[in-house]
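Asks: work_17.pdb (PDB, C-alpha atoms and all ligand atoms) pasted underneath:
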ATOM      1  CA  MET A 280     113.146 111.331 106.187
ATOM      2  CA  GLU A 281     112.100 112.035 102.618
ATOM      3  CA  LEU A 282     108.786 111.636 100.845
ATOM      4  CA  LEU A 283     108.591 111.052  97.087
ATOM      5  CA  ILE A 284     105.074 111.625  95.776
ATOM      6  CA  GLY A 285     104.090 110.268  92.381
ATOM      7  CA  LYS A 286     103.192 112.988  89.861
ATOM      8  CA  THR A 287     100.545 110.753  88.294
ATOM      9  CA  ALA A 288      99.010 109.663  91.628
ATOM     10  CA  GLY A 289      95.224 110.027  91.783
ATOM     11  CA  PHE A 290      92.304 110.664  89.456
ATOM     12  CA  CYS A 291      92.710 109.955  85.751
ATOM     13  CA  PHE A 292      90.780 111.866  83.122
ATOM     14  CA  GLY A 293      87.951 109.279  82.932
ATOM     15  CA  VAL A 294      87.366 109.164  86.694
ATOM     16  CA  GLU A 295      87.510 112.951  86.986
ATOM     17  CA  ARG A 296      84.949 113.222  84.206
ATOM     18  CA  ALA A 297      82.607 110.676  85.850
ATOM     19  CA  VAL A 298      82.798 112.231  89.323
ATOM     20  CA  GLU A 299      82.332 115.773  87.974
ATOM     21  CA  GLY A 300      79.463 114.588  85.768
ATOM     22  CA  ALA A 301      77.666 112.961  88.703
ATOM     23  CA  THR A 302      78.255 115.983  90.947
ATOM     24  CA  SER A 303      76.819 118.380  88.407
ATOM     25  CA  GLU A 304      73.746 116.141  87.827
ATOM     26  CA  LEU A 305      73.146 116.025  91.588
ATOM     27  CA  LYS A 306      72.909 119.816  91.611
ATOM     28  CA  LYS A 307      70.093 119.696  89.056
ATOM     29  CA  GLU A 308      68.036 116.686  90.209
ATOM     30  CA  LYS A 309      66.818 115.396  93.551
ATOM     31  CA  GLU A 310      66.747 111.708  92.749
ATOM     32  CA  ILE A 311      69.552 110.163  90.720
ATOM     33  CA  PHE A 312      70.719 106.556  90.651
ATOM     34  CA  CYS A 313      74.014 105.022  89.617
ATOM     35  CA  LEU A 314      74.210 101.509  88.228
ATOM     36  CA  GLY A 315      77.108  99.824  90.044
ATOM     37  CA  GLU A 316      80.025 101.685  91.576
ATOM     38  CA  ILE A 317      80.724 104.869  89.612
ATOM     39  CA  VAL A 318      84.461 104.343  90.233
ATOM     40  CA  HIS A 319      86.219 101.782  92.432
ATOM     41  CA  ASN A 320      86.847 103.883  95.507
ATOM     42  CA  LYS A 321      84.909 103.858  98.798
ATOM     43  CA  GLU A 322      85.760 107.473  99.683
ATOM     44  CA  VAL A 323      84.375 108.750  96.367
ATOM     45  CA  ILE A 324      81.219 106.639  96.772
ATOM     46  CA  LYS A 325      80.726 107.868 100.348
ATOM     47  CA  ASP A 326      81.049 111.467  99.218
ATOM     48  CA  LEU A 327      78.576 111.074  96.338
ATOM     49  CA  LYS A 328      76.115 109.219  98.612
ATOM     50  CA  LYS A 329      76.230 112.208 100.962
ATOM     51  CA  GLN A 330      75.296 114.422  98.020
ATOM     52  CA  GLY A 331      72.264 112.183  97.367
ATOM     53  CA  LEU A 332      73.387 109.670  94.746
ATOM     54  CA  LYS A 333      71.706 106.275  95.147
ATOM     55  CA  PHE A 334      73.632 103.189  94.080
ATOM     56  CA  ILE A 335      71.769 100.259  92.546
ATOM     57  CA  SER A 336      72.950  96.924  91.170
ATOM     58  CA  ASP A 337      69.888  96.269  88.993
ATOM     59  CA  LEU A 338      68.421  98.753  86.503
ATOM     60  CA  ASN A 339      64.918  97.703  87.657
ATOM     61  CA  ASP A 340      65.605  99.422  90.986
ATOM     62  CA  GLY A 341      66.225 102.772  89.310
ATOM     63  CA  LYS A 342      63.897 105.384  87.875
ATOM     64  CA  ASN A 343      64.018 108.734  86.037
ATOM     65  CA  LYS A 344      67.781 109.240  85.659
ATOM     66  CA  VAL A 345      70.461 106.570  85.949
ATOM     67  CA  ILE A 346      74.206 107.194  85.709
ATOM     68  CA  ILE A 347      76.446 104.746  83.867
ATOM     69  CA  ARG A 348      79.803 104.262  85.622
ATOM     70  CA  ALA A 349      83.253 105.122  84.204
ATOM     71  CA  HIS A 350      84.071 101.567  83.156
ATOM     72  CA  GLY A 351      80.822 100.986  81.294
ATOM     73  CA  VAL A 352      78.005  98.440  81.333
ATOM     74  CA  GLU A 353      76.598  95.675  79.136
ATOM     75  CA  LYS A 354      75.041  96.570  75.802
ATOM     76  CA  ASN A 355      71.518  95.461  76.820
ATOM     77  CA  ILE A 356      71.344  98.074  79.599
ATOM     78  CA  TYR A 357      70.823 100.793  76.954
ATOM     79  CA  GLU A 358      67.893  98.862  75.430
ATOM     80  CA  LYS A 359      66.350  98.076  78.831
ATOM     81  CA  ALA A 360      66.564 101.735  79.902
ATOM     82  CA  LYS A 361      64.775 102.802  76.716
ATOM     83  CA  GLU A 362      61.982 100.292  77.339
ATOM     84  CA  LYS A 363      61.552 101.507  80.902
ATOM     85  CA  GLY A 364      61.678 105.213  79.978
ATOM     86  CA  ILE A 365      64.815 105.782  82.057
ATOM     87  CA  GLU A 366      67.181 108.541  80.960
ATOM     88  CA  LEU A 367      70.773 107.365  81.052
ATOM     89  CA  ILE A 368      73.580 109.754  81.940
ATOM     90  CA  ASP A 369      76.390 107.908  80.249
ATOM     91  CA  LEU A 370      79.657 108.645  82.035
ATOM     92  CA  THR A 371      81.523 105.710  80.508
ATOM     93  CA  CYS A 372      85.114 106.758  79.842
ATOM     94  CA  PRO A 373      85.637 107.495  76.104
ATOM     95  CA  LYS A 374      88.567 105.033  76.138
ATOM     96  CA  VAL A 375      86.230 102.223  77.178
ATOM     97  CA  LEU A 376      83.620 103.286  74.613
ATOM     98  CA  LYS A 377      86.339 103.083  71.954
ATOM     99  CA  ILE A 378      87.007  99.442  72.910
ATOM    100  CA  HIS A 379      83.278  98.646  72.659
ATOM    101  CA  LYS A 380      83.280 100.140  69.151
ATOM    102  CA  ILE A 381      86.379  98.218  68.041
ATOM    103  CA  VAL A 382      85.187  94.795  69.256
ATOM    104  CA  GLN A 383      81.766  95.336  67.715
ATOM    105  CA  GLU A 384      83.320  96.205  64.331
ATOM    106  CA  TYR A 385      85.716  93.252  64.385
ATOM    107  CA  ALA A 386      83.004  90.816  65.528
ATOM    108  CA  GLN A 387      80.920  91.931  62.529
ATOM    109  CA  LYS A 388      83.904  91.283  60.243
ATOM    110  CA  GLY A 389      84.090  87.694  61.520
ATOM    111  CA  PHE A 390      87.054  88.002  63.858
ATOM    112  CA  TYR A 391      87.335  85.748  66.916
ATOM    113  CA  ILE A 392      88.170  87.965  69.907
ATOM    114  CA  PHE A 393      90.776  87.309  72.588
ATOM    115  CA  LEU A 394      89.922  89.757  75.339
ATOM    116  CA  ILE A 395      92.778  90.134  77.833
ATOM    117  CA  GLY A 396      91.264  91.076  81.181
ATOM    118  CA  LYS A 397      89.806  89.871  84.458
ATOM    119  CA  LYS A 398      86.493  88.032  83.974
ATOM    120  CA  GLU A 399      84.764  89.582  86.974
ATOM    121  CA  HIS A 400      85.849  93.162  86.280
ATOM    122  CA  PRO A 401      82.847  95.350  85.303
ATOM    123  CA  GLU A 402      84.716  96.696  82.266
ATOM    124  CA  THR A 403      85.365  93.177  80.947
ATOM    125  CA  VAL A 404      81.751  92.170  81.585
ATOM    126  CA  GLY A 405      80.618  95.220  79.601
ATOM    127  CA  THR A 406      83.091  94.686  76.733
ATOM    128  CA  VAL A 407      82.184  90.992  76.333
ATOM    129  CA  SER A 408      78.578  91.982  75.628
ATOM    130  CA  TYR A 409      79.786  93.813  72.477
ATOM    131  CA  CYS A 410      81.858  90.872  71.200
ATOM    132  CA  GLY A 411      79.063  88.531  70.095
ATOM    133  CA  GLU A 412      79.512  84.765  70.420
ATOM    134  CA  ASN A 413      83.158  84.436  69.430
ATOM    135  CA  VAL A 414      85.102  85.693  72.398
ATOM    136  CA  TYR A 415      87.507  84.198  74.930
ATOM    137  CA  ILE A 416      88.720  86.032  78.031
ATOM    138  CA  ILE A 417      92.433  85.584  78.699
ATOM    139  CA  GLU A 418      93.140  86.319  82.364
ATOM    140  CA  ASP A 419      96.826  85.345  82.398
ATOM    141  CA  SER A 420      99.466  83.653  80.254
ATOM    142  CA  GLU A 421      98.334  80.231  81.530
ATOM    143  CA  THR A 422      94.961  80.723  79.841
ATOM    144  CA  VAL A 423      96.451  81.187  76.350
ATOM    145  CA  ASP A 424      96.367  77.474  75.401
ATOM    146  CA  ASP A 425      92.646  77.241  76.252
ATOM    147  CA  ALA A 426      91.928  80.406  74.252
ATOM    148  CA  ILE A 427      93.702  79.015  71.174
ATOM    149  CA  GLU A 428      91.896  75.687  71.515
ATOM    150  CA  SER A 429      88.564  77.485  71.738
ATOM    151  CA  PHE A 430      89.461  79.541  68.653
ATOM    152  CA  ASN A 431      90.530  76.403  66.688
ATOM    153  CA  ASN A 432      87.184  74.736  67.474
ATOM    154  CA  LYS A 433      85.377  77.654  65.870
ATOM    155  CA  LYS A 434      87.305  77.183  62.621
ATOM    156  CA  SER A 435      87.764  80.935  62.227
ATOM    157  CA  ASP A 436      90.801  82.328  60.381
ATOM    158  CA  LYS A 437      91.296  85.691  62.083
ATOM    159  CA  VAL A 438      91.772  86.869  65.624
ATOM    160  CA  LEU A 439      91.593  90.248  67.297
ATOM    161  CA  VAL A 440      93.553  90.579  70.544
ATOM    162  CA  ILE A 441      92.406  93.455  72.727
ATOM    163  CA  CYS A 442      92.844  94.404  76.365
ATOM    164  CA  GLN A 443      91.074  95.765  79.455
ATOM    165  CA  THR A 444      92.169  99.391  79.986
ATOM    166  CA  THR A 445      93.572  98.811  83.479
ATOM    167  CA  PHE A 446      95.452  95.559  82.840
ATOM    168  CA  SER A 447      99.063  95.059  83.912
ATOM    169  CA  LEU A 448     101.439  96.074  81.122
ATOM    170  CA  SER A 449     104.013  93.380  81.935
ATOM    171  CA  GLU A 450     101.377  90.603  82.123
ATOM    172  CA  TYR A 451      99.905  91.869  78.828
ATOM    173  CA  GLN A 452     103.334  91.610  77.152
ATOM    174  CA  LYS A 453     103.761  88.056  78.486
ATOM    175  CA  ILE A 454     100.353  87.041  77.113
ATOM    176  CA  ILE A 455     101.009  88.591  73.679
ATOM    177  CA  LYS A 456     104.360  86.791  73.429
ATOM    178  CA  SER A 457     102.673  83.512  74.274
ATOM    179  CA  ILE A 458      99.837  84.023  71.746
ATOM    180  CA  VAL A 459     102.255  84.943  68.940
ATOM    181  CA  SER A 460     104.468  81.929  69.613
ATOM    182  CA  LYS A 461     101.597  79.444  69.865
ATOM    183  CA  ILE A 462      99.048  80.449  67.239
ATOM    184  CA  ASP A 463      99.231  78.976  63.720
ATOM    185  CA  ASN A 464     101.272  81.182  61.315
ATOM    186  CA  HIS A 465      98.479  81.200  58.754
ATOM    187  CA  ILE A 466      96.050  82.907  61.086
ATOM    188  CA  GLU A 467      95.540  86.645  60.690
ATOM    189  CA  VAL A 468      96.185  88.155  64.127
ATOM    190  CA  GLU A 469      95.464  91.821  64.858
ATOM    191  CA  ILE A 470      96.772  93.101  68.173
ATOM    192  CA  LYS A 471      95.447  96.276  69.777
ATOM    193  CA  ASN A 472      97.077  97.415  72.981
ATOM    194  CA  THR A 473      94.186  99.246  74.623
ATOM    195  CA  ILE A 474      95.728  99.566  78.086
ATOM    196  CA  CYS A 475      95.051 103.240  78.669
ATOM    197  CA  SER A 476      97.831 105.803  79.020
ATOM    198  CA  ALA A 477      96.703 106.680  82.560
ATOM    199  CA  THR A 478      97.295 103.043  83.585
ATOM    200  CA  LYS A 479     100.643 102.834  81.752
ATOM    201  CA  LEU A 480     101.991 106.067  83.249
ATOM    202  CA  ARG A 481     101.011 105.106  86.799
ATOM    203  CA  GLN A 482     102.594 101.658  86.429
ATOM    204  CA  GLU A 483     105.803 103.136  84.982
ATOM    205  CA  GLU A 484     106.054 105.789  87.689
ATOM    206  CA  THR A 485     105.437 103.182  90.410
ATOM    207  CA  THR A 486     108.354 101.103  89.093
ATOM    208  CA  GLU A 487     110.574 104.181  89.068
ATOM    209  CA  LEU A 488     109.585 105.391  92.548
ATOM    210  CA  ALA A 489     109.726 101.948  94.158
ATOM    211  CA  SER A 490     113.316 101.527  93.055
ATOM    212  CA  LYS A 491     114.344 104.769  94.787
ATOM    213  CA  VAL A 492     112.746 104.312  98.235
ATOM    214  CA  ASP A 493     112.806 102.049 101.317
ATOM    215  CA  ALA A 494     109.018 101.626 101.346
ATOM    216  CA  MET A 495     106.022 102.472  99.190
ATOM    217  CA  ILE A 496     102.477 103.362 100.183
ATOM    218  CA  ILE A 497      99.908 102.679  97.475
ATOM    219  CA  ILE A 498      96.636 104.483  98.151
ATOM    220  CA  GLY A 499      93.386 103.336  96.599
ATOM    221  CA  GLY A 500      90.356 101.058  96.658
ATOM    222  CA  LYS A 501      91.070  97.377  97.342
ATOM    223  CA  ASN A 502      88.566  96.615  94.577
ATOM    224  CA  SER A 503      90.314  98.962  92.143
ATOM    225  CA  SER A 504      92.041  97.003  89.404
ATOM    226  CA  ASN A 505      94.643  99.658  88.648
ATOM    227  CA  THR A 506      95.462 100.266  92.343
ATOM    228  CA  ASN A 507      96.047  96.536  92.829
ATOM    229  CA  LYS A 508      98.335  96.445  89.787
ATOM    230  CA  LEU A 509     100.420  99.265  91.300
ATOM    231  CA  TYR A 510     100.678  97.274  94.518
ATOM    232  CA  GLU A 511     101.737  94.111  92.630
ATOM    233  CA  ILE A 512     104.412  96.042  90.719
ATOM    234  CA  SER A 513     105.758  97.853  93.770
ATOM    235  CA  LYS A 514     105.937  94.885  96.141
ATOM    236  CA  LYS A 515     108.260  93.074  93.734
ATOM    237  CA  ILE A 516     110.735  95.955  94.156
ATOM    238  CA  THR A 517     110.432  97.184  97.742
ATOM    239  CA  GLU A 518     108.411  96.864 100.949
ATOM    240  CA  THR A 519     104.915  98.030 100.023
ATOM    241  CA  PHE A 520     101.705  98.865 101.882
ATOM    242  CA  ILE A 521      98.300  99.197 100.237
ATOM    243  CA  VAL A 522      95.760 101.363 102.053
ATOM    244  CA  GLU A 523      92.401 102.914 101.253
ATOM    245  CA  ASN A 524      92.729 105.835 103.676
ATOM    246  CA  LYS A 525      94.788 107.296 106.541
ATOM    247  CA  GLN A 526      93.047 105.078 109.120
ATOM    248  CA  GLU A 527      94.703 102.026 107.606
ATOM    249  CA  ILE A 528      98.290 103.243 108.043
ATOM    250  CA  ASN A 529     100.439 102.347 111.006
ATOM    251  CA  PHE A 530     102.302 105.669 111.086
ATOM    252  CA  GLN A 531     104.600 104.565 113.936
ATOM    253  CA  GLN A 532     105.829 101.721 111.757
ATOM    254  CA  MET A 533     106.644 104.219 108.993
ATOM    255  CA  LYS A 534     109.196 105.980 111.202
ATOM    256  CA  LYS A 535     111.802 103.329 110.479
ATOM    257  CA  TYR A 536     111.998 104.232 106.771
ATOM    258  CA  LYS A 537     114.307 106.989 105.495
ATOM    259  CA  LYS A 538     112.624 107.404 102.111
ATOM    260  CA  ILE A 539     108.957 106.665 101.430
ATOM    261  CA  GLY A 540     107.255 106.721  98.036
ATOM    262  CA  ILE A 541     103.575 107.570  97.636
ATOM    263  CA  MET A 542     101.470 106.427  94.701
ATOM    264  CA  ALA A 543      97.717 106.209  94.205
ATOM    265  CA  GLY A 544      95.380 104.515  91.764
ATOM    266  CA  ALA A 545      93.440 106.343  89.068
ATOM    267  CA  SER A 546      90.267 106.406  91.183
ATOM    268  CA  THR A 547      91.860 107.715  94.391
ATOM    269  CA  PRO A 548      90.699 111.228  95.349
ATOM    270  CA  LYS A 549      93.246 113.956  96.070
ATOM    271  CA  LYS A 550      91.894 114.251  99.607
ATOM    272  CA  SER A 551      92.942 110.674 100.526
ATOM    273  CA  ILE A 552      96.481 111.331  99.250
ATOM    274  CA  GLU A 553      96.823 114.737 100.925
ATOM    275  CA  GLU A 554      95.625 113.478 104.317
ATOM    276  CA  ILE A 555      98.301 110.772 104.386
ATOM    277  CA  VAL A 556     101.067 113.056 103.105
ATOM    278  CA  GLU A 557     100.186 115.687 105.718
ATOM    279  CA  ILE A 558     100.461 113.220 108.615
ATOM    280  CA  LEU A 559     103.743 111.794 107.326
ATOM    281  CA  GLN A 560     105.221 115.269 106.884
ATOM    282  CA  SER A 561     104.156 116.316 110.386
ATOM    283  CA  MET A 562     105.978 113.337 111.894
ATOM    284  CA  TRP A 563     109.430 114.559 110.880
TER     285      TRP A 563
HETATM  286  S1  LIG B 601      91.830 104.321  83.822
HETATM  287 FE1  LIG B 601      91.851 104.971  81.661
HETATM  288  S2  LIG B 601      90.052 103.936  80.802
HETATM  289 FE2  LIG B 601      89.784 103.892  83.011
HETATM  290  S3  LIG B 601      88.580 105.701  83.464
HETATM  291 FE3  LIG B 601      90.743 106.269  83.662
HETATM  292  S4  LIG B 601      91.286 107.150  81.649
HETATM  293 FE4  LIG B 601      89.408 105.965  81.391
END
Output the structure of this file as structure tokens.
Ligand code: SF4

Replies:
Amino acid sequence: MELLIGKTAGFCFGVERAVEGATSELKKEKEIFCLGEIVHNKEVIKDLKKQGLKFISDLNDGKNKVIIRAHGVEKNIYEKAKEKGIELIDLTCPKVLKIHKIVQEYAQKGFYIFLIGKKEHPETVGTVSYCGENVYIIEDSETVDDAIESFNNKKSDKVLVICQTTFSLSEYQKIIKSIVSKIDNHIEVEIKNTICSATKLRQEETTELASKVDAMIIIGGKNSSNTNKLYEISKKITETFIVENKQEINFQQMKKYKKIGIMAGASTPKKSIEEIVEILQSMW
């Protein structure tokens, strides 16, 4: 039996930065809050809770110091914190901050914004707040017609197309193709592929690994957008299991596979990967 472990499996730069930032703050202060989940992984949250971090869903429930998660928050949170005298420790990933800056600039220049992303995802919610009034969220290629209709009603003549950092690369390409083929030729369309390199690399490696093995195990939070994308990609190629931790694996069932691939989302801690690999290795 052979195990192929993805080189890019686990923490990306932005998640590493957020978790390290929170850990170092917890060494300095007794009471620190985090607005929303710092990253989308239960094991990471559990570990930070143990160290004393308190998670809140409303800024009003926080005081003194509040951490801003890796995938950012809405624009008004910064103003509210100032009013309430709360110090924000902003651990938003620089790649997300860059998107906020771009949409703000283009909104000021009069562009209508097509934001490719999932409506409910915290990053999308945050980004929308920087877009002003003229924004439409495109969740999949079926939403493109509605986005164009909404844009036509606004009588604008330029569109910016931008994307959530953890969106699926193949779905993004499908959406772009559809926009380009459907939008009026006279419209100025600027396309910025802001899917981050960490997402791209993990998706590419998952495709490669999945095509070499009999089964794949994708490790990561069920609420993690990029982990779910890896699962979607892999299950189209081979038998695939998505698990958050070792407790969720039926190791006996794994015995029937000769070659197993292991991948993990960008918010999955090393520990979760190592624990699973160790058990699998000890079985053969
Ligand atoms: S997935 Fe990309 S954008 Fe998100 S935290 Fe990681 S590096 Fe930043």

Asks: Taking 6 positions as the minimum chain separation for residues in the same chain, which residues sit within 6 Å of segment 503-515 of chain A when counting all atoms listed in the file? Answer as an mmCIF file with C-alpha atoms, keeping the file's coordinate frame.

Replies:
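That gives us out_11.cif:
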data_model
loop_
_atom_site.group_PDB
_atom_site.id
_atom_site.type_symbol
_atom_site.label_atom_id
_atom_site.label_comp_id
_atom_site.auth_asym_id
_atom_site.auth_seq_id
_atom_site.Cartn_x
_atom_site.Cartn_y
_atom_site.Cartn_z
ATOM 1 C CA HIS A 319 86.219 101.782 92.432
ATOM 2 C CA THR A 445 93.572 98.811 83.479
ATOM 3 C CA GLN A 482 102.594 101.658 86.429
ATOM 4 C CA ALA A 489 109.726 101.948 94.158
ATOM 5 C CA GLY A 544 95.380 104.515 91.764
#

Asks: From the options A:Ile555, A:Leu376, A:Leu332, A:Ile365, which residue's atoms come nearest to ligand LIG 601 (chain B), counting all atoms listed in the file?

Replies: A:Leu376

Asks: Write out as a PyMOL selection string each polymer residue (protein, DNA or RNA) that has an atom no more than 9 Å from ligand LIG 601 (chain B), with all atoms listed in the file counted.

Replies: chain A and resi 290-297+318+349-350+371-376+402+443-445+473-478+505+544-546

Asks: What does the PyMOL selection byres (((chain A and resi 323) around 10) and not hetatm) select in this file, as a PyMOL selection string?

Replies: chain A and resi 298+316-322+324-329+500+546-548+550-551

Asks: Taking (90.1, 96.7, 74.9) in the coordinates of the supplied file, I want to know which residues reach to within 12 Å of it, counting all atoms listed in the file; could you give the answer as a VMD selection string?

Replies: chain A and resid 350 373 to 383 385 392 to 397 402 to 407 409 to 410 416 to 417 439 to 446 451 470 to 475

Asks: The PyMOL selection byres (((chain A and resi 369) around 7) and not hetatm) on the file shown: which residues, as a VMD selection string?

Replies: chain A and resid 346 to 347 367 to 368 370 to 371

Asks: Keeping C-alpha atoms, export the residues of the selection given above as a PDB file, keeping the file's coordinate frame.

Replies:
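Everything below was put into selection.pdb:
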ATOM      1  CA  ILE A 346      74.206 107.194  85.709  1.00  0.00           C
ATOM      2  CA  ILE A 347      76.446 104.746  83.867  1.00  0.00           C
ATOM      3  CA  LEU A 367      70.773 107.365  81.052  1.00  0.00           C
ATOM      4  CA  ILE A 368      73.580 109.754  81.940  1.00  0.00           C
ATOM      5  CA  LEU A 370      79.657 108.645  82.035  1.00  0.00           C
ATOM      6  CA  THR A 371      81.523 105.710  80.508  1.00  0.00           C
TER       7      THR A 371
END

Asks: How many Å lie between atom CA of Val423 of chain A and atom CA of Thr485 of chain A, rounded to one decimal?

Replies: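 The value is 27.6 Å.
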
Asks: Give me, please, the distance in Å between atom CA of Ile497 of chain A and atom CA of Ala301 of chain A, quoted to one decimal.

Replies: 26.0 Å

Asks: So what do you get for atom CA of Lys398 of chain A versus atom CA of Ser429 of chain A, distance-wise?

Replies: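 Between atom CA of Lys398 of chain A and atom CA of Ser429 of chain A the gap is 16.3 Å.
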
Asks: Neighbouring residues of Lys461 of chain A were defined as those with any atom within 10 Å, considering only C-alpha atoms; residues of the same chain fewer than 3 positions away were excluded. Please report them as a list in words.

Replies: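 Once the adjacent positions are removed, what remains is Val423, Asp424, Ile427, Ile455, Lys456, Ser457, Ile458 and Asn464 of chain A.
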
Asks: Of the candidates A:Lys307, A:Glu450, A:Trp563, A:Ala543, which shows the shortest atom-to-atom distance to Gly285 of chain A, using only C-alpha atoms?

Replies: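 Selected residue with least distance to Gly285 of chain A: A:Ala543.
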
Asks: May I have the protein, DNA and RNA residues with any atom at most 12 Å from the point (99.8, 113.1, 101.3), counting only C-alpha atoms, written as a PyMOL selection string?

Replies: chain A and resi 282-286+288-289+496-498+524-525+539-543+547-561

Asks: Could you tell me which residues the PyMOL selection byres (((chain A and resi 335) around 8) and not hetatm) returns for this structure, as an MDAnalysis selection string?

Replies: chainID A and resid 312:315 333:334 336:338 340:341
